[in-house]
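Shown next: model-v3.txt, containing compact mmCIF, C-alpha atoms.
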```txt
# COMPACT_ATOMS: atom_id res chain seq x y z
CA MET A 1 64.95 1.33 102.72
CA SER A 2 64.80 3.11 99.40
CA THR A 3 67.68 2.35 97.10
CA SER A 4 66.64 4.64 94.25
CA ASN A 5 69.25 7.19 93.39
CA PRO A 6 68.33 10.12 91.17
CA PHE A 7 71.98 10.76 90.40
CA ASP A 8 72.84 10.23 86.76
CA PRO A 9 76.42 9.02 86.44
CA ALA A 10 76.51 9.87 82.74
CA ASN A 11 79.81 11.72 82.98
CA PHE A 12 81.55 9.04 85.01
CA THR A 13 84.26 6.91 83.49
CA ARG A 14 86.26 4.09 84.99
CA ARG A 15 89.93 4.95 85.23
CA ILE A 16 92.86 4.78 87.62
CA PRO A 17 93.16 8.06 89.52
CA GLU A 18 96.64 9.51 89.99
CA GLY A 19 98.37 7.85 92.94
CA ASP A 20 95.97 4.92 92.98
CA ASP A 21 96.42 1.42 91.57
CA ARG A 22 92.85 0.44 90.70
CA GLU A 23 90.11 1.66 88.43
CA ARG A 24 87.59 3.91 90.14
CA LEU A 25 84.48 5.67 88.93
CA VAL A 26 85.68 9.24 88.24
CA CYS A 27 83.53 12.19 87.19
CA ASP A 28 84.98 13.78 84.07
CA ASP A 29 83.39 17.11 84.98
CA CYS A 30 84.53 17.72 88.54
CA GLY A 31 87.04 14.98 89.30
CA PHE A 32 84.93 13.45 92.05
CA ILE A 33 86.06 9.91 92.79
CA GLN A 34 83.21 7.59 93.66
CA TYR A 35 84.99 5.09 95.88
CA GLU A 36 83.02 1.91 95.88
CA ASN A 37 83.41 -0.46 98.76
CA PRO A 38 82.15 -3.94 99.47
CA LYS A 39 78.92 -3.95 101.42
CA ILE A 40 78.31 -5.82 104.64
CA VAL A 41 75.16 -7.85 105.13
CA VAL A 42 74.34 -9.05 108.64
CA GLY A 43 71.82 -11.78 109.26
CA SER A 44 70.96 -14.82 111.30
CA VAL A 45 69.79 -18.37 111.40
CA ALA A 46 67.46 -17.94 114.36
CA TYR A 47 65.93 -21.00 115.97
CA TRP A 48 63.26 -21.88 118.48
CA GLY A 49 63.72 -25.46 119.63
CA ASP A 50 64.21 -27.41 116.42
CA ARG A 51 62.49 -24.85 114.21
CA ILE A 52 64.15 -22.17 112.10
CA LEU A 53 62.86 -18.70 111.29
CA LEU A 54 62.37 -17.82 107.63
CA CYS A 55 60.78 -14.79 105.99
CA ARG A 56 58.90 -14.73 102.70
CA ARG A 57 60.09 -11.66 100.82
CA ALA A 58 57.61 -8.88 100.08
CA ILE A 59 60.21 -6.96 98.07
CA GLU A 60 62.46 -7.47 95.07
CA PRO A 61 64.75 -9.17 94.37
CA ARG A 62 63.27 -12.66 94.71
CA ILE A 63 59.89 -11.46 95.90
CA GLY A 64 57.78 -14.34 97.24
CA TYR A 65 60.80 -16.52 98.05
CA TRP A 66 61.97 -17.46 101.54
CA THR A 67 65.04 -15.97 103.11
CA LEU A 68 66.79 -15.48 106.43
CA PRO A 69 66.34 -12.18 108.28
CA ALA A 70 69.30 -10.20 106.95
CA GLY A 71 70.17 -6.84 105.49
CA TYR A 72 72.77 -4.13 105.11
CA LEU A 73 74.72 -3.03 108.14
CA GLU A 74 74.09 0.64 108.79
CA LEU A 75 76.76 3.27 109.32
CA GLY A 76 78.07 3.28 112.88
CA GLU A 77 76.24 0.08 113.78
CA ASP A 78 77.70 -2.87 115.63
CA VAL A 79 77.47 -6.08 113.58
CA GLN A 80 75.49 -8.06 116.16
CA VAL A 81 73.19 -5.12 116.83
CA GLY A 82 72.62 -4.97 113.06
CA ALA A 83 71.73 -8.66 112.87
CA ARG A 84 69.24 -8.25 115.71
CA ARG A 85 67.77 -5.11 114.09
CA GLU A 86 67.17 -6.97 110.84
CA ALA A 87 65.43 -9.84 112.67
CA TRP A 88 63.19 -7.29 114.33
CA GLU A 89 62.48 -5.30 111.16
CA GLU A 90 61.70 -8.31 109.01
CA ALA A 91 60.13 -10.75 111.46
CA ARG A 92 59.47 -8.88 114.73
CA ALA A 93 61.77 -11.49 116.21
CA GLN A 94 63.85 -11.08 119.35
CA MET A 95 66.87 -13.22 119.90
CA GLU A 96 70.19 -13.82 121.57
CA ILE A 97 73.15 -14.22 119.29
CA GLU A 98 75.23 -17.30 120.05
CA GLN A 99 78.08 -17.36 117.55
CA LEU A 100 79.14 -16.30 114.09
CA LEU A 101 77.95 -19.14 111.86
CA ALA A 102 79.50 -18.11 108.56
CA VAL A 103 81.20 -15.44 106.50
CA TYR A 104 80.15 -15.62 102.85
CA THR A 105 81.56 -13.50 100.04
CA ILE A 106 79.53 -12.83 96.91
CA GLN A 107 82.25 -11.39 94.74
CA ARG A 108 80.08 -10.43 91.76
CA ILE A 109 78.15 -7.92 93.84
CA SER A 110 80.94 -7.22 96.37
CA GLN A 111 78.95 -8.38 99.32
CA VAL A 112 80.27 -9.87 102.54
CA GLN A 113 77.65 -11.62 104.63
CA LEU A 114 78.09 -12.19 108.34
CA ILE A 115 75.50 -14.77 109.40
CA TYR A 116 75.02 -15.50 113.09
CA ARG A 117 73.46 -18.43 114.88
CA ALA A 118 70.86 -17.02 117.25
CA ARG A 119 68.37 -18.36 119.75
CA LEU A 120 64.93 -16.78 119.63
CA THR A 121 63.81 -15.62 123.05
CA SER A 122 60.17 -16.07 122.05
CA PRO A 123 58.37 -17.98 119.27
CA GLU A 124 56.16 -14.98 118.63
CA VAL A 125 57.16 -13.62 115.26
CA SER A 126 55.25 -11.65 112.65
CA ALA A 127 55.88 -10.11 109.27
CA GLY A 128 57.55 -6.71 109.15
CA PRO A 129 57.09 -4.39 106.15
CA GLU A 130 59.62 -6.24 103.96
CA SER A 131 58.12 -9.68 104.60
CA ARG A 132 54.93 -11.18 103.17
CA GLU A 133 54.86 -13.77 105.94
CA VAL A 134 57.25 -15.32 108.45
CA ALA A 135 57.31 -18.82 109.87
CA LEU A 136 59.21 -21.27 112.03
CA PHE A 137 60.06 -24.41 110.06
CA HIS A 138 61.16 -27.84 111.12
CA PRO A 139 64.21 -28.71 108.99
CA ASP A 140 62.27 -31.25 106.93
CA GLU A 141 59.47 -28.75 106.26
CA ILE A 142 61.67 -25.99 104.86
CA PRO A 143 60.42 -25.03 101.37
CA ARG A 144 63.75 -25.81 99.71
CA ASP A 145 62.49 -25.12 96.20
CA GLU A 146 61.38 -21.65 97.20
CA ILE A 147 64.56 -20.36 98.83
CA ALA A 148 65.56 -16.86 97.71
CA PHE A 149 69.36 -17.07 97.55
CA PRO A 150 72.16 -19.67 97.46
CA THR A 151 73.62 -18.27 100.70
CA VAL A 152 70.37 -19.19 102.48
CA HIS A 153 70.84 -22.83 101.44
CA TRP A 154 74.45 -22.66 102.63
CA ALA A 155 73.56 -21.13 105.98
CA LEU A 156 70.81 -23.69 106.63
CA ALA A 157 73.26 -26.52 105.88
CA HIS A 158 76.00 -24.95 108.01
CA PHE A 159 73.52 -24.48 110.83
CA GLN A 160 72.63 -28.18 110.82
CA GLU A 161 76.28 -29.14 110.57
CA THR A 162 77.27 -27.10 113.63
CA ARG A 163 74.13 -27.10 115.74
CA ASP A 164 75.50 -29.45 118.39
CA HIS A 165 78.73 -27.46 118.68
CA THR A 166 79.15 -24.75 121.27
CA ALA A 167 82.31 -23.34 119.67
CA PHE A 168 83.32 -23.82 116.07
CA ALA A 169 85.09 -22.15 113.19
CA PRO A 170 82.68 -20.07 111.12
CA ARG A 171 81.91 -21.58 107.76
CA GLN A 172 82.53 -19.92 104.39
CA ASN A 173 81.41 -20.34 100.77
CA PRO A 174 81.33 -24.01 99.82
CA GLU A 175 83.95 -25.02 97.24
CA GLY A 176 83.04 -23.33 93.96
CA GLY A 177 80.11 -21.47 95.50
CA THR A 178 79.81 -17.99 94.02
CA GLY A 179 76.52 -17.04 95.67
CA ASN A 180 75.19 -16.02 92.25
CA LEU A 181 71.60 -16.99 91.49
CA THR A 182 72.64 -18.56 88.21
CA GLY A 183 75.79 -20.29 87.07
CA GLY A 184 76.90 -21.30 90.55
CA LEU A 185 75.88 -23.44 93.47
CA MET B 1 96.25 3.78 97.84
CA SER B 2 95.41 7.43 97.56
CA THR B 3 92.49 8.52 99.64
CA SER B 4 92.51 12.15 98.58
CA ASN B 5 89.25 13.24 97.08
CA PRO B 6 89.09 16.56 95.24
CA PHE B 7 85.32 16.60 95.53
CA ASP B 8 84.05 19.44 97.65
CA PRO B 9 80.85 18.42 99.41
CA ALA B 10 80.01 22.04 100.22
CA ASN B 11 76.46 21.72 98.95
CA PHE B 12 75.72 18.48 100.80
CA THR B 13 73.38 18.42 103.74
CA ARG B 14 72.35 15.57 105.99
CA ARG B 15 68.67 14.79 105.66
CA ILE B 16 66.30 11.87 105.26
CA PRO B 17 65.55 11.29 101.58
CA GLU B 18 61.96 10.53 100.59
CA GLY B 19 61.17 6.85 101.18
CA ASP B 20 64.14 6.34 103.44
CA ASP B 21 64.29 6.25 107.22
CA ARG B 22 67.79 7.54 107.95
CA GLU B 23 69.77 10.67 107.37
CA ARG B 24 71.96 10.57 104.28
CA LEU B 25 74.34 13.04 102.71
CA VAL B 26 72.25 14.65 99.94
CA CYS B 27 73.46 17.19 97.36
CA ASP B 28 71.18 20.22 97.38
CA ASP B 29 72.09 20.99 93.78
CA CYS B 30 71.46 17.72 91.96
CA GLY B 31 69.80 15.45 94.53
CA PHE B 32 72.64 12.93 94.48
CA ILE B 33 72.49 10.70 97.57
CA GLN B 34 75.90 9.78 98.89
CA TYR B 35 75.12 6.45 100.52
CA GLU B 36 77.75 5.76 103.09
CA ASN B 37 78.37 2.22 104.14
CA PRO B 38 80.53 0.62 106.78
CA LYS B 39 83.93 -0.38 105.47
CA ILE B 40 85.48 -3.81 105.79
CA VAL B 41 89.06 -4.21 106.92
CA VAL B 42 90.70 -7.61 106.45
CA GLY B 43 93.88 -8.55 108.26
CA SER B 44 95.75 -11.27 110.04
CA VAL B 45 97.74 -12.35 113.02
CA ALA B 46 100.36 -14.30 111.07
CA TYR B 47 102.81 -16.48 112.94
CA TRP B 48 105.98 -18.42 112.29
CA GLY B 49 106.56 -20.86 115.13
CA ASP B 50 106.07 -18.78 118.25
CA ARG B 51 106.76 -15.46 116.56
CA ILE B 52 104.18 -12.99 115.26
CA LEU B 53 104.44 -10.70 112.25
CA LEU B 54 104.12 -6.97 112.87
CA CYS B 55 104.64 -4.03 110.53
CA ARG B 56 105.88 -0.57 111.50
CA ARG B 57 103.71 1.94 109.68
CA ALA B 58 105.30 4.20 107.08
CA ILE B 59 102.03 6.07 106.57
CA GLU B 60 99.52 8.04 108.57
CA PRO B 61 97.62 7.51 110.76
CA ARG B 62 99.94 6.31 113.54
CA ILE B 63 103.08 6.48 111.43
CA GLY B 64 105.99 4.76 113.17
CA TYR B 65 103.76 2.51 115.28
CA TRP B 66 103.44 -1.24 114.92
CA THR B 67 100.38 -2.87 113.43
CA LEU B 68 99.12 -6.10 111.92
CA PRO B 69 99.05 -6.48 108.14
CA ALA B 70 95.52 -5.29 107.37
CA GLY B 71 93.65 -2.97 105.05
CA TYR B 72 90.45 -2.28 103.18
CA LEU B 73 88.80 -5.09 101.29
CA GLU B 74 88.62 -4.21 97.61
CA LEU B 75 85.52 -4.36 95.46
CA GLY B 76 84.83 -7.90 94.23
CA GLU B 77 87.49 -9.41 96.45
CA ASP B 78 87.11 -12.50 98.61
CA VAL B 79 87.77 -11.76 102.29
CA GLN B 80 90.56 -14.31 102.72
CA VAL B 81 92.16 -13.29 99.44
CA GLY B 82 92.07 -9.72 100.72
CA ALA B 83 93.76 -10.66 103.99
CA ARG B 84 96.53 -12.47 102.07
CA ARG B 85 96.91 -9.53 99.66
CA GLU B 86 97.41 -7.12 102.55
CA ALA B 87 100.06 -9.38 104.12
CA TRP B 88 101.86 -9.44 100.80
CA GLU B 89 101.56 -5.70 100.16
CA GLU B 90 102.69 -4.63 103.62
CA ALA B 91 105.16 -7.35 104.58
CA ARG B 92 105.88 -9.45 101.48
CA ALA B 93 104.52 -12.28 103.60
CA GLN B 94 102.95 -15.45 102.30
CA MET B 95 100.65 -17.45 104.49
CA GLU B 96 97.89 -19.97 104.88
CA ILE B 97 94.79 -18.77 106.64
CA GLU B 98 93.66 -21.07 109.44
CA GLN B 99 90.56 -19.52 110.93
CA LEU B 100 88.73 -16.29 111.57
CA LEU B 101 90.20 -15.01 114.83
CA ALA B 102 87.92 -12.04 115.47
CA VAL B 103 85.32 -9.63 114.18
CA TYR B 104 85.79 -6.15 115.63
CA THR B 105 83.49 -3.19 115.06
CA ILE B 106 84.75 0.36 115.41
CA GLN B 107 81.46 2.17 115.42
CA ARG B 108 82.81 5.72 115.41
CA ILE B 109 84.40 5.22 111.99
CA SER B 110 81.97 2.51 110.79
CA GLN B 111 84.63 -0.08 110.33
CA VAL B 112 84.24 -3.83 110.60
CA GLN B 113 87.50 -5.72 110.91
CA LEU B 114 87.81 -9.38 110.01
CA ILE B 115 91.08 -10.62 111.50
CA TYR B 116 92.31 -14.10 110.59
CA ARG B 117 94.80 -16.40 112.26
CA ALA B 118 97.33 -17.41 109.62
CA ARG B 119 100.44 -19.53 109.43
CA LEU B 120 103.33 -18.03 107.50
CA THR B 121 104.67 -20.43 104.91
CA SER B 122 108.11 -18.81 105.13
CA PRO B 123 109.84 -16.54 107.68
CA GLU B 124 111.15 -14.36 104.88
CA VAL B 125 109.31 -11.08 105.17
CA SER B 126 110.25 -7.54 104.14
CA ALA B 127 108.72 -4.10 104.22
CA GLY B 128 106.30 -3.17 101.45
CA PRO B 129 105.69 0.47 100.51
CA GLU B 130 103.36 1.17 103.45
CA SER B 131 105.74 -0.27 106.08
CA ARG B 132 108.91 1.25 107.48
CA GLU B 133 110.04 -2.17 108.69
CA VAL B 134 108.55 -5.55 109.45
CA ALA B 135 109.57 -8.12 112.06
CA LEU B 136 108.67 -11.41 113.69
CA PHE B 137 108.31 -10.96 117.44
CA HIS B 138 108.25 -13.43 120.29
CA PRO B 139 105.19 -12.55 122.42
CA ASP B 140 107.36 -11.16 125.22
CA GLU B 141 109.31 -8.97 122.77
CA ILE B 142 106.31 -7.25 121.23
CA PRO B 143 106.71 -3.44 121.56
CA ARG B 144 103.45 -3.05 123.45
CA ASP B 145 103.94 0.68 124.05
CA GLU B 146 104.31 1.29 120.33
CA ILE B 147 101.21 -0.47 119.03
CA ALA B 148 99.22 1.54 116.48
CA PHE B 149 95.62 0.69 117.33
CA PRO B 150 93.55 -0.83 120.16
CA THR B 151 92.34 -3.60 117.84
CA VAL B 152 95.96 -4.75 117.43
CA HIS B 153 96.22 -5.23 121.20
CA TRP B 154 92.91 -7.12 121.16
CA ALA B 155 93.93 -9.37 118.28
CA LEU B 156 97.28 -10.21 119.88
CA ALA B 157 95.51 -11.15 123.13
CA HIS B 158 92.84 -13.16 121.30
CA PHE B 159 95.55 -14.93 119.33
CA GLN B 160 97.30 -16.03 122.53
CA GLU B 161 93.99 -17.05 124.09
CA THR B 162 93.06 -19.31 121.17
CA ARG B 163 96.39 -20.45 119.81
CA ASP B 164 96.07 -24.02 121.08
CA HIS B 165 92.55 -24.35 119.68
CA THR B 166 91.90 -25.81 116.26
CA ALA B 167 88.28 -24.61 116.15
CA PHE B 168 86.86 -21.79 118.20
CA ALA B 169 84.30 -19.02 118.14
CA PRO B 170 85.77 -15.80 116.72
CA ARG B 171 86.32 -13.14 119.33
CA GLN B 172 84.81 -9.66 119.28
CA ASN B 173 85.38 -6.28 120.93
CA PRO B 174 86.21 -6.72 124.60
CA GLU B 175 83.52 -5.40 126.96
CA GLY B 176 83.46 -1.61 126.61
CA GLY B 177 86.05 -1.63 123.83
CA THR B 178 85.28 1.04 121.25
CA GLY B 179 88.44 0.69 119.20
CA ASN B 180 88.95 4.45 119.45
CA LEU B 181 92.49 5.65 120.05
CA THR B 182 91.35 7.81 122.94
CA GLY B 183 88.58 7.46 125.47
CA GLY B 184 88.29 3.70 125.16
CA LEU B 185 90.26 0.54 125.71
```
What does the file become when written as structure tokens?
Amino acid sequence: MSTSNPFDPANFTRRIPEGDDRERLVCDDCGFIQYENPKIVVGSVAYWGDRILLCRRAIEPRIGYWTLPAGYLELGEDVQVGARREAWEEARAQMEIEQLLAVYTIQRISQVQLIYRARLTSPEVSAGPESREVALFHPDEIPRDEIAFPTVHWALAHFQETRDHTAFAPRQNPEGGTGNLTGGL
Amino acid sequence: MSTSNPFDPANFTRRIPEGDDRERLVCDDCGFIQYENPKIVVGSVAYWGDRILLCRRAIEPRIGYWTLPAGYLELGEDVQVGARREAWEEARAQMEIEQLLAVYTIQRISQVQLIYRARLTSPEVSAGPESREVALFHPDEIPRDEIAFPTVHWALAHFQETRDHTAFAPRQNPEGGTGNLTGGL
């Protein structure tokens, strides 16, 4: 998905529109209010036996690092359908979703991640256009020094912690965990 | 919160921008791409003993009908903080969140609702500006014919179903449940 935006927000200023109680990005020319909302990421820890699916990123940010299949929920899309779509797009993986594993909030970038635990229905996976390679790792073979994002570390730990449970409370950010690449967990 | 937007999208058409794979709202004048994303609603089924907090809406849509304290997650806001903020804004309620009760998707309006089970820390509640009145209802006193939205019915049922559980898998849309006011459950 392209994220380039040719729009130049040069005439936008942050101020509180009349009748509102928070700063918004307002165009000084036409009065357009650019409401910004948190974005939803849907993804999965997908397993086959005792191995876990990871994807090596072919795109920025964190190109070359390993991540879970995950991405932005599309408009009008069910959350579980979105998680399955991302697994297909990034790893040509097919799976059955078992349970919501975790809800992580990355406040700095206003992102809410819904990460599911999912069972692959086949071990046949292959890199989609956004992945350099994909692989199924035993837990002790996971390239922990080459993980793309803190939330991937969290989700892998929460997966291990709950893998023998059939029903459990979804996990959230660990204490003090911001999800930022620097300055946090 | 005001949701009026003086911007007139008269010159916007839906088309697939170069490098993208989905239709977006694109301005034919300046090329601005209005990315639309699903919105996150955070809310709670908050209880005091065996009574449940409901708010009678003072605003459209569904003015005069009863709902759970819930609203849009703000930019940069943690999901649980958002759920507590909404309970305060709409019902002057203070509470401790126990667990994620449900994740509902309303595809027609691209809304993902995260509804928490929460324990009120005091039975003293009062109407905030968006509520006509607020009340704590015994389950058999809930005004079921005057409920604002299908998801409120779902959440009340899922609350009863899980209330003796300390850890459980969050619920989702019931089979066939669209969340639409008409034509669905």
Would you give me, as a PyMOL selection string, the residues of chain B that come within 8 Å of chain A, using only C-alpha atoms?
chain B and resi 1-2+5-7+19-21+30-33+36-40+73-79+99-100+105-112+167-170
Give me the least-squares superposed chain A (reference chain B; all C-alpha atoms paired in order) as a compact mmCIF listing (two decimals) with C-alpha atoms, keeping the file's coordinate frame.
```
# COMPACT_ATOMS: atom_id res chain seq x y z
CA MET A 1 96.28 3.73 97.97
CA SER A 2 95.46 7.40 97.67
CA THR A 3 92.52 8.50 99.74
CA SER A 4 92.51 12.15 98.66
CA ASN A 5 89.27 13.21 97.11
CA PRO A 6 89.09 16.49 95.22
CA PHE A 7 85.32 16.54 95.53
CA ASP A 8 84.04 19.42 97.61
CA PRO A 9 80.85 18.41 99.39
CA ALA A 10 79.97 22.03 100.13
CA ASN A 11 76.41 21.69 98.88
CA PHE A 12 75.70 18.48 100.76
CA THR A 13 73.38 18.43 103.72
CA ARG A 14 72.37 15.58 105.98
CA ARG A 15 68.69 14.79 105.68
CA ILE A 16 66.31 11.87 105.34
CA PRO A 17 65.54 11.27 101.67
CA GLU A 18 61.94 10.53 100.72
CA GLY A 19 61.15 6.86 101.30
CA ASP A 20 64.15 6.35 103.55
CA ASP A 21 64.33 6.25 107.35
CA ARG A 22 67.85 7.54 108.01
CA GLU A 23 69.82 10.68 107.39
CA ARG A 24 71.97 10.56 104.28
CA LEU A 25 74.33 13.03 102.69
CA VAL A 26 72.22 14.65 99.93
CA CYS A 27 73.40 17.17 97.36
CA ASP A 28 71.14 20.21 97.40
CA ASP A 29 72.01 20.97 93.78
CA CYS A 30 71.34 17.70 91.98
CA GLY A 31 69.71 15.43 94.55
CA PHE A 32 72.54 12.91 94.49
CA ILE A 33 72.42 10.69 97.56
CA GLN A 34 75.84 9.76 98.85
CA TYR A 35 75.09 6.43 100.50
CA GLU A 36 77.74 5.76 103.05
CA ASN A 37 78.39 2.22 104.09
CA PRO A 38 80.54 0.63 106.75
CA LYS A 39 83.95 -0.36 105.46
CA ILE A 40 85.50 -3.79 105.76
CA VAL A 41 89.08 -4.20 106.89
CA VAL A 42 90.71 -7.60 106.43
CA GLY A 43 93.88 -8.54 108.25
CA SER A 44 95.75 -11.26 110.03
CA VAL A 45 97.74 -12.35 113.01
CA ALA A 46 100.34 -14.30 111.06
CA TYR A 47 102.80 -16.49 112.94
CA TRP A 48 105.96 -18.43 112.30
CA GLY A 49 106.56 -20.86 115.14
CA ASP A 50 106.05 -18.79 118.26
CA ARG A 51 106.73 -15.46 116.57
CA ILE A 52 104.16 -12.99 115.27
CA LEU A 53 104.44 -10.70 112.26
CA LEU A 54 104.11 -6.97 112.86
CA CYS A 55 104.65 -4.02 110.53
CA ARG A 56 105.91 -0.58 111.50
CA ARG A 57 103.73 1.93 109.68
CA ALA A 58 105.33 4.20 107.08
CA ILE A 59 102.06 6.07 106.56
CA GLU A 60 99.54 8.06 108.59
CA PRO A 61 97.65 7.52 110.76
CA ARG A 62 99.95 6.32 113.54
CA ILE A 63 103.09 6.49 111.45
CA GLY A 64 106.02 4.75 113.17
CA TYR A 65 103.77 2.51 115.29
CA TRP A 66 103.44 -1.25 114.92
CA THR A 67 100.39 -2.87 113.43
CA LEU A 68 99.13 -6.11 111.93
CA PRO A 69 99.07 -6.48 108.14
CA ALA A 70 95.54 -5.28 107.35
CA GLY A 71 93.67 -2.96 105.05
CA TYR A 72 90.48 -2.27 103.17
CA LEU A 73 88.83 -5.08 101.27
CA GLU A 74 88.66 -4.19 97.60
CA LEU A 75 85.56 -4.36 95.43
CA GLY A 76 84.87 -7.88 94.20
CA GLU A 77 87.53 -9.41 96.43
CA ASP A 78 87.13 -12.49 98.58
CA VAL A 79 87.79 -11.74 102.26
CA GLN A 80 90.58 -14.30 102.70
CA VAL A 81 92.18 -13.30 99.42
CA GLY A 82 92.09 -9.71 100.71
CA ALA A 83 93.79 -10.65 103.97
CA ARG A 84 96.54 -12.46 102.06
CA ARG A 85 96.93 -9.52 99.65
CA GLU A 86 97.43 -7.11 102.54
CA ALA A 87 100.08 -9.38 104.12
CA TRP A 88 101.88 -9.42 100.80
CA GLU A 89 101.58 -5.68 100.16
CA GLU A 90 102.70 -4.63 103.62
CA ALA A 91 105.18 -7.34 104.59
CA ARG A 92 105.89 -9.46 101.48
CA ALA A 93 104.54 -12.28 103.60
CA GLN A 94 102.96 -15.47 102.30
CA MET A 95 100.66 -17.46 104.49
CA GLU A 96 97.89 -19.98 104.88
CA ILE A 97 94.79 -18.78 106.63
CA GLU A 98 93.66 -21.07 109.43
CA GLN A 99 90.54 -19.52 110.94
CA LEU A 100 88.72 -16.28 111.54
CA LEU A 101 90.18 -15.00 114.81
CA ALA A 102 87.92 -12.03 115.45
CA VAL A 103 85.33 -9.62 114.14
CA TYR A 104 85.79 -6.14 115.61
CA THR A 105 83.49 -3.18 115.05
CA ILE A 106 84.77 0.37 115.38
CA GLN A 107 81.47 2.19 115.38
CA ARG A 108 82.85 5.74 115.37
CA ILE A 109 84.43 5.23 111.97
CA SER A 110 81.99 2.53 110.76
CA GLN A 111 84.65 -0.07 110.31
CA VAL A 112 84.25 -3.82 110.56
CA GLN A 113 87.52 -5.71 110.89
CA LEU A 114 87.82 -9.36 109.98
CA ILE A 115 91.09 -10.62 111.47
CA TYR A 116 92.31 -14.10 110.57
CA ARG A 117 94.80 -16.39 112.25
CA ALA A 118 97.33 -17.40 109.61
CA ARG A 119 100.43 -19.53 109.42
CA LEU A 120 103.33 -18.03 107.50
CA THR A 121 104.67 -20.43 104.90
CA SER A 122 108.11 -18.81 105.13
CA PRO A 123 109.84 -16.56 107.69
CA GLU A 124 111.14 -14.37 104.89
CA VAL A 125 109.32 -11.09 105.18
CA SER A 126 110.26 -7.57 104.15
CA ALA A 127 108.75 -4.12 104.22
CA GLY A 128 106.31 -3.19 101.46
CA PRO A 129 105.72 0.46 100.51
CA GLU A 130 103.39 1.17 103.45
CA SER A 131 105.75 -0.29 106.06
CA ARG A 132 108.94 1.23 107.49
CA GLU A 133 110.07 -2.19 108.70
CA VAL A 134 108.55 -5.58 109.46
CA ALA A 135 109.56 -8.13 112.06
CA LEU A 136 108.67 -11.42 113.70
CA PHE A 137 108.29 -10.98 117.46
CA HIS A 138 108.23 -13.43 120.30
CA PRO A 139 105.17 -12.56 122.42
CA ASP A 140 107.31 -11.15 125.24
CA GLU A 141 109.28 -8.97 122.81
CA ILE A 142 106.29 -7.24 121.23
CA PRO A 143 106.70 -3.45 121.57
CA ARG A 144 103.44 -3.04 123.47
CA ASP A 145 103.92 0.68 124.06
CA GLU A 146 104.31 1.29 120.35
CA ILE A 147 101.22 -0.48 119.03
CA ALA A 148 99.24 1.55 116.48
CA PHE A 149 95.63 0.71 117.34
CA PRO A 150 93.55 -0.82 120.16
CA THR A 151 92.34 -3.59 117.83
CA VAL A 152 95.95 -4.74 117.43
CA HIS A 153 96.21 -5.23 121.20
CA TRP A 154 92.90 -7.11 121.14
CA ALA A 155 93.92 -9.36 118.28
CA LEU A 156 97.27 -10.21 119.89
CA ALA A 157 95.48 -11.14 123.13
CA HIS A 158 92.82 -13.15 121.29
CA PHE A 159 95.54 -14.93 119.34
CA GLN A 160 97.27 -16.04 122.54
CA GLU A 161 93.97 -17.04 124.08
CA THR A 162 93.02 -19.30 121.17
CA ARG A 163 96.36 -20.45 119.83
CA ASP A 164 96.04 -24.01 121.10
CA HIS A 165 92.51 -24.33 119.70
CA THR A 166 91.88 -25.79 116.28
CA ALA A 167 88.26 -24.60 116.15
CA PHE A 168 86.83 -21.77 118.19
CA ALA A 169 84.28 -19.00 118.12
CA PRO A 170 85.76 -15.81 116.69
CA ARG A 171 86.32 -13.14 119.29
CA GLN A 172 84.79 -9.65 119.24
CA ASN A 173 85.38 -6.27 120.90
CA PRO A 174 86.19 -6.71 124.58
CA GLU A 175 83.51 -5.38 126.94
CA GLY A 176 83.45 -1.59 126.59
CA GLY A 177 86.06 -1.61 123.83
CA THR A 178 85.27 1.05 121.24
CA GLY A 179 88.46 0.69 119.20
CA ASN A 180 88.95 4.46 119.44
CA LEU A 181 92.49 5.66 120.06
CA THR A 182 91.35 7.80 122.96
CA GLY A 183 88.56 7.45 125.47
CA GLY A 184 88.30 3.69 125.16
CA LEU A 185 90.25 0.53 125.75
```
What is the distance, in Å and to one decimal place, between atom CA of Leu68 of chain B and atom CA of Asp145 of chain B?
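Those two atoms sit 14.7 Å apart.
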I need every residue sitting at most 12 Å from the point (68.6, -6.9, 116.4) (coordinates as in the file, all atoms listed in the file considered), written as a CSV table (one decimal) with C-alpha atoms, in the coordinates of the input.
```csv
chain,number,residue,atom,x,y,z
A,42,VAL,CA,74.3,-9.0,108.6
A,43,GLY,CA,71.8,-11.8,109.3
A,44,SER,CA,71.0,-14.8,111.3
A,46,ALA,CA,67.5,-17.9,114.4
A,69,PRO,CA,66.3,-12.2,108.3
A,70,ALA,CA,69.3,-10.2,107.0
A,71,GLY,CA,70.2,-6.8,105.5
A,73,LEU,CA,74.7,-3.0,108.1
A,77,GLU,CA,76.2,0.1,113.8
A,78,ASP,CA,77.7,-2.9,115.6
A,79,VAL,CA,77.5,-6.1,113.6
A,80,GLN,CA,75.5,-8.1,116.2
A,81,VAL,CA,73.2,-5.1,116.8
A,82,GLY,CA,72.6,-5.0,113.1
A,83,ALA,CA,71.7,-8.7,112.9
A,84,ARG,CA,69.2,-8.2,115.7
A,85,ARG,CA,67.8,-5.1,114.1
A,86,GLU,CA,67.2,-7.0,110.8
A,87,ALA,CA,65.4,-9.8,112.7
A,88,TRP,CA,63.2,-7.3,114.3
A,89,GLU,CA,62.5,-5.3,111.2
A,90,GLU,CA,61.7,-8.3,109.0
A,91,ALA,CA,60.1,-10.8,111.5
A,92,ARG,CA,59.5,-8.9,114.7
A,93,ALA,CA,61.8,-11.5,116.2
A,94,GLN,CA,63.8,-11.1,119.4
A,95,MET,CA,66.9,-13.2,119.9
A,96,GLU,CA,70.2,-13.8,121.6
A,97,ILE,CA,73.2,-14.2,119.3
A,116,TYR,CA,75.0,-15.5,113.1
A,118,ALA,CA,70.9,-17.0,117.2
A,119,ARG,CA,68.4,-18.4,119.8
A,120,LEU,CA,64.9,-16.8,119.6
A,121,THR,CA,63.8,-15.6,123.0
```
